[in-house]
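Containing mmCIF, C-alpha atoms and all ligand atoms: run_37.cif.
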```cif
data_final
#
loop_
_atom_site.label_atom_id
_atom_site.label_comp_id
_atom_site.auth_asym_id
_atom_site.auth_seq_id
_atom_site.Cartn_x
_atom_site.Cartn_y
_atom_site.Cartn_z
CA MET B 262 5.12 6.13 2.68
CA LYS B 263 1.70 5.14 4.05
CA VAL B 264 0.25 2.02 2.48
CA LEU B 265 -3.30 0.76 2.89
CA LEU B 266 -3.59 -2.95 2.08
CA THR B 267 -7.01 -4.51 1.83
CA GLY B 268 -8.01 -8.16 1.50
CA PHE B 269 -11.42 -9.86 1.58
CA GLU B 270 -13.20 -12.27 3.86
CA PRO B 271 -14.16 -15.67 2.36
CA PHE B 272 -17.21 -15.89 0.09
CA GLY B 273 -19.27 -18.53 -1.70
CA GLN B 274 -18.37 -22.06 -0.56
CA GLU B 275 -14.86 -21.06 0.52
CA LYS B 276 -13.62 -21.08 4.10
CA VAL B 277 -10.60 -18.91 3.43
CA ASN B 278 -9.73 -16.06 1.12
CA PRO B 279 -6.14 -15.95 -0.22
CA SER B 280 -6.30 -12.16 -0.46
CA TRP B 281 -6.72 -11.65 3.29
CA GLU B 282 -4.20 -14.44 4.04
CA THR B 283 -1.69 -12.50 1.92
CA VAL B 284 -2.41 -9.13 3.51
CA LYS B 285 -2.41 -10.63 7.03
CA ALA B 286 1.00 -12.25 6.48
CA PHE B 287 2.57 -9.17 4.88
CA PRO B 288 5.66 -8.39 7.00
CA GLU B 289 6.98 -5.10 8.30
CA LEU B 290 9.37 -3.95 5.59
CA ARG B 291 11.09 -0.87 6.92
CA GLU B 292 10.45 2.00 9.29
CA ASP B 293 9.53 4.54 6.64
CA VAL B 294 6.81 2.29 5.21
CA GLU B 295 3.72 2.31 7.41
CA VAL B 296 1.14 -0.33 6.53
CA LEU B 297 -2.52 -0.46 7.57
CA LYS B 298 -4.31 -3.75 6.85
CA ILE B 299 -8.06 -4.08 6.46
CA CYS B 300 -10.24 -7.11 5.77
CA LEU B 301 -13.23 -6.05 3.67
CA PRO B 302 -16.58 -7.86 3.71
CA VAL B 303 -17.72 -9.43 0.43
CA SER B 304 -20.66 -7.05 0.40
CA PHE B 305 -21.28 -4.53 -2.38
CA GLN B 306 -22.51 -1.93 0.07
CA LYS B 307 -20.34 -2.48 3.14
CA ALA B 308 -17.02 -2.98 1.30
CA VAL B 309 -17.34 0.33 -0.53
CA THR B 310 -18.32 2.27 2.60
CA MET B 311 -15.52 0.69 4.63
CA LEU B 312 -12.93 1.47 1.96
CA GLU B 313 -14.04 5.10 1.63
CA GLN B 314 -13.94 5.54 5.39
CA ALA B 315 -10.50 3.94 5.70
CA VAL B 316 -9.04 6.16 2.96
CA ASP B 317 -10.58 9.31 4.46
CA ASP B 318 -9.23 8.42 7.92
CA TYR B 319 -5.80 7.06 6.98
CA ARG B 320 -4.96 9.12 3.84
CA PRO B 321 -2.60 6.53 2.33
CA ASP B 322 -0.01 7.34 -0.34
CA VAL B 323 -0.62 3.90 -1.83
CA LEU B 324 -3.85 1.89 -1.76
CA LEU B 325 -3.56 -1.71 -2.86
CA SER B 326 -6.62 -3.92 -2.75
CA ILE B 327 -6.20 -7.65 -3.15
CA GLY B 328 -8.91 -10.15 -4.13
CA GLN B 329 -9.31 -13.84 -4.91
CA ALA B 330 -9.72 -14.81 -8.55
CA GLY B 331 -10.41 -18.56 -8.53
CA GLY B 332 -9.30 -20.21 -11.77
CA ARG B 333 -6.53 -17.72 -12.58
CA CYS B 334 -3.00 -19.12 -12.43
CA ALA B 335 -0.99 -15.91 -12.13
CA ILE B 336 -0.91 -12.85 -9.91
CA GLU B 337 -2.86 -10.37 -12.02
CA VAL B 338 -2.50 -6.63 -11.69
CA GLU B 339 -5.75 -5.07 -12.84
CA ARG B 340 -5.74 -2.26 -15.40
CA VAL B 341 -9.34 -1.05 -15.53
CA ALA B 342 -12.24 -0.65 -13.11
CA ILE B 343 -15.67 -0.28 -14.70
CA ASN B 344 -18.78 1.53 -13.55
CA MET B 345 -20.95 -1.57 -13.65
CA VAL B 346 -22.18 -4.33 -11.40
CA ASP B 347 -23.72 -7.49 -12.78
CA SER B 348 -23.54 -10.21 -10.24
CA LYS B 349 -23.80 -13.93 -11.08
CA LYS B 350 -24.00 -14.84 -7.40
CA PRO B 351 -25.27 -13.03 -4.29
CA ASP B 352 -22.72 -11.29 -2.07
CA ASN B 353 -22.34 -12.31 1.59
CA ASP B 354 -25.40 -10.16 2.45
CA GLY B 355 -27.51 -12.04 -0.11
CA TYR B 356 -27.58 -8.99 -2.40
CA GLN B 357 -27.30 -9.65 -6.15
CA PRO B 358 -27.43 -6.48 -8.22
CA GLN B 359 -28.02 -6.90 -11.96
CA GLU B 360 -26.63 -4.65 -14.68
CA CYS B 361 -26.48 -1.40 -12.77
CA GLN B 362 -24.01 1.42 -12.54
CA LEU B 363 -21.95 1.85 -9.40
CA ARG B 364 -22.15 5.65 -9.56
CA ALA B 365 -24.48 7.63 -11.81
CA ASP B 366 -22.28 10.73 -11.47
CA ALA B 367 -18.99 9.19 -12.53
CA PRO B 368 -17.17 7.95 -15.68
CA ASN B 369 -17.77 4.55 -17.27
CA ALA B 370 -14.29 3.38 -16.34
CA TYR B 371 -11.07 4.35 -14.63
CA PHE B 372 -7.54 3.10 -15.22
CA SER B 373 -5.30 2.22 -12.31
CA ASN B 374 -2.60 4.87 -11.87
CA LEU B 375 0.01 2.29 -10.80
CA PRO B 376 3.01 1.55 -13.06
CA LEU B 377 1.48 -1.80 -14.10
CA LYS B 378 4.22 -3.12 -16.38
CA ARG B 379 6.89 -2.26 -13.86
CA LEU B 380 4.96 -4.10 -11.14
CA VAL B 381 4.42 -7.20 -13.27
CA GLU B 382 8.15 -7.28 -14.08
CA ALA B 383 9.02 -6.92 -10.39
CA ILE B 384 6.84 -9.93 -9.53
CA GLN B 385 8.23 -11.96 -12.43
CA ASP B 386 11.78 -11.13 -11.30
CA GLU B 387 10.95 -13.11 -8.14
CA GLY B 388 10.18 -16.11 -10.36
CA ILE B 389 6.42 -15.75 -9.82
CA LEU B 390 3.80 -15.89 -12.58
CA ALA B 391 2.30 -12.44 -13.12
CA ALA B 392 0.35 -10.58 -15.78
CA ILE B 393 -1.73 -7.49 -16.41
CA SER B 394 -5.47 -8.22 -16.49
CA ASN B 395 -7.93 -6.06 -18.39
CA SER B 396 -10.98 -7.09 -16.39
CA ALA B 397 -11.52 -7.27 -12.66
CA GLY B 398 -14.94 -8.83 -13.31
CA LEU B 399 -18.32 -7.38 -12.32
CA TYR B 400 -18.49 -8.53 -8.73
CA VAL B 401 -17.37 -6.97 -5.41
CA CYS B 402 -13.67 -6.71 -6.40
CA ASN B 403 -14.46 -4.47 -9.35
CA SER B 404 -16.71 -2.32 -7.12
CA VAL B 405 -13.90 -1.86 -4.60
CA PHE B 406 -11.38 -1.13 -7.37
CA TYR B 407 -13.76 1.38 -8.99
CA THR B 408 -14.33 3.08 -5.62
CA ALA B 409 -10.57 3.30 -5.04
CA MET B 410 -10.03 4.93 -8.43
CA HIS B 411 -13.00 7.26 -7.94
CA LEU B 412 -11.36 8.43 -4.71
CA VAL B 413 -8.14 9.11 -6.64
CA TYR B 414 -9.81 11.03 -9.46
CA SER B 415 -12.35 12.94 -7.37
CA LYS B 416 -10.56 13.57 -4.09
CA TYR B 417 -6.99 12.31 -3.63
CA PRO B 418 -5.07 12.89 -6.90
CA ASN B 419 -1.72 12.07 -5.29
CA MET B 420 -2.81 8.64 -4.10
CA GLN B 421 -1.60 5.66 -6.13
CA ALA B 422 -4.23 2.95 -6.22
CA GLY B 423 -4.82 -0.38 -7.82
CA PHE B 424 -6.16 -3.87 -7.54
CA ILE B 425 -4.39 -7.23 -7.63
CA HIS B 426 -6.13 -10.57 -8.09
CA VAL B 427 -4.50 -13.69 -6.67
CA PRO B 428 -5.20 -17.38 -7.44
CA TYR B 429 -6.81 -19.87 -5.07
CA LEU B 430 -4.72 -21.28 -2.22
CA PRO B 431 -3.57 -24.92 -2.59
CA CYS B 432 -6.04 -26.01 0.14
CA GLN B 433 -8.94 -24.49 -1.83
CA VAL B 434 -8.39 -26.56 -4.95
CA VAL B 435 -8.54 -29.95 -3.24
CA GLY B 436 -11.58 -31.60 -4.83
CA LYS B 437 -11.78 -29.00 -7.61
CA ASN B 438 -10.81 -30.44 -10.94
CA LYS B 439 -7.28 -29.27 -11.85
CA GLN B 440 -7.66 -25.65 -10.75
CA PRO B 441 -4.47 -23.60 -10.42
CA SER B 442 -3.30 -22.40 -7.00
CA MET B 443 -0.54 -20.42 -5.30
CA SER B 444 0.75 -20.48 -1.72
CA THR B 445 0.50 -17.52 0.64
CA GLU B 446 4.29 -17.55 0.89
CA THR B 447 4.45 -16.84 -2.84
CA THR B 448 1.71 -14.20 -2.94
CA VAL B 449 3.36 -12.38 -0.01
CA LEU B 450 6.69 -12.36 -1.89
CA ALA B 451 4.86 -10.92 -4.90
CA LEU B 452 3.27 -8.19 -2.79
CA ILE B 453 6.65 -7.31 -1.25
CA ALA B 454 8.07 -7.02 -4.78
CA VAL B 455 5.18 -4.70 -5.70
CA ILE B 456 5.72 -2.40 -2.71
CA GLN B 457 9.47 -2.32 -3.31
CA ALA B 458 8.93 -1.45 -6.97
CA LEU B 459 6.60 1.37 -5.95
CA MET B 460 9.19 2.67 -3.49
CA ALA B 461 11.76 2.59 -6.27
CA CYS B 462 9.40 4.48 -8.60
CA ASN B 463 8.81 7.02 -5.85
CA GLN B 464 12.57 7.35 -5.34
CA MET B 465 12.53 5.94 -1.84
CA VAL B 466 15.45 3.59 -2.45
N1 LIG G 1 -12.96 -11.90 -5.00
C1 LIG G 1 -14.25 -11.46 -5.49
C2 LIG G 1 -14.84 -10.65 -4.38
C3 LIG G 1 -14.00 -10.91 -3.17
C4 LIG G 1 -12.83 -11.63 -3.67
O1 LIG G 1 -11.85 -11.96 -2.99
C5 LIG G 1 -14.17 -10.76 -6.84
O2 LIG G 1 -13.27 -11.06 -7.64
O3 LIG G 1 -15.02 -9.92 -7.14
#
```

Can I see the file as structure tokens?
Ligand code: PCA
Amino acid sequence: MKVLLTGFEPFGQEKVNPSWETVKAFPELREDVEVLKICLPVSFQKAVTMLEQAVDDYRPDVLLSIGQAGGRCAIEVERVAINMVDSKKPDNDGYQPQECQLRADAPNAYFSNLPLKRLVEAIQDEGILAAISNSAGLYVCNSVFYTAMHLVYSKYPNMQAGFIHVPYLPCQVVGKNKQPSMSTETTVLALIAVIQALMACNQMV
């Protein structure tokens, strides 16, 4: 099984992004699971191009993109990517698109083709808070998720793809008023549980 894991660089006022910390720390699981890790820029244009290129080059069986969702307290597996960008803050290139479609030639929304409930249960079985989320927002994460699902539905129908949002790291909430956080150790355990559940679904165990 070839797995492409993506995380993001820091954005806004943050000096670290828990998504890349999680992907970076993801361990080698077993010989028949090959993992490629990529850190995406928080840039509407560059992140999408980089993801498309990586999928075309690597041809993963599973594409899992991870992003930071400050304020959320659980690991959230995203259900739906929408064909819309409406940015409340500029991306790391200073670009701030308002109410526009990501692709004029594509559907309004795509569902992840991952077994979402199974994945949430697998994370919860590790004693970690997890839930399905019905909105990945309208910022760069949703654009990356939408691009991933567009690749599935237009080009790589056998690829399983999805997006997972993770809370802030404990060091990010110092000085923020009572915001939830989760350690990298915990988010890595959750991601291992996700990959193992996918292997089980794909009859690899
Ligand atoms: N979170 C942002 C973009 C990058 C990230 O880690 C988002 O939720 O859109």

Worksheet entry | Polymer residues at most 10 Å from Asp317 (chain B), all atoms listed in the file, same-chain spacing of 4 or more positions, as a list in words | Met311, Leu312, Glu313, Pro321, Leu412, Lys416 and Tyr417 of chain B

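Of the residues listed (B:Lys276, B:Leu297, B:Lys378, B:Cys402), B:Cys402 shows the shortest atom-to-atom separation from ligand LIG 1 (chain G); distances use all atoms listed in the file.
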
Worksheet item: So which residues are near ligand LIG 1 (chain G), meaning at most 9 Å away with only C-alpha atoms and all ligand atoms counted, given back as a PyMOL selection string?
Response: chain B and resi 268-272+278-281+301-304+327-331+352+397-405+426-427

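Distances here use all atoms listed in the file; by that measure, the residue among B:Thr283, B:Ser394, B:Ser373, B:Thr445 closest to Ala422 (chain B) is B:Ser373.
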
Item to complete: Take CA of Leu380 (chain B) and CA of Ala335 (chain B) and report the distance between them in Å, one decimal.
Response: 13.3 Å
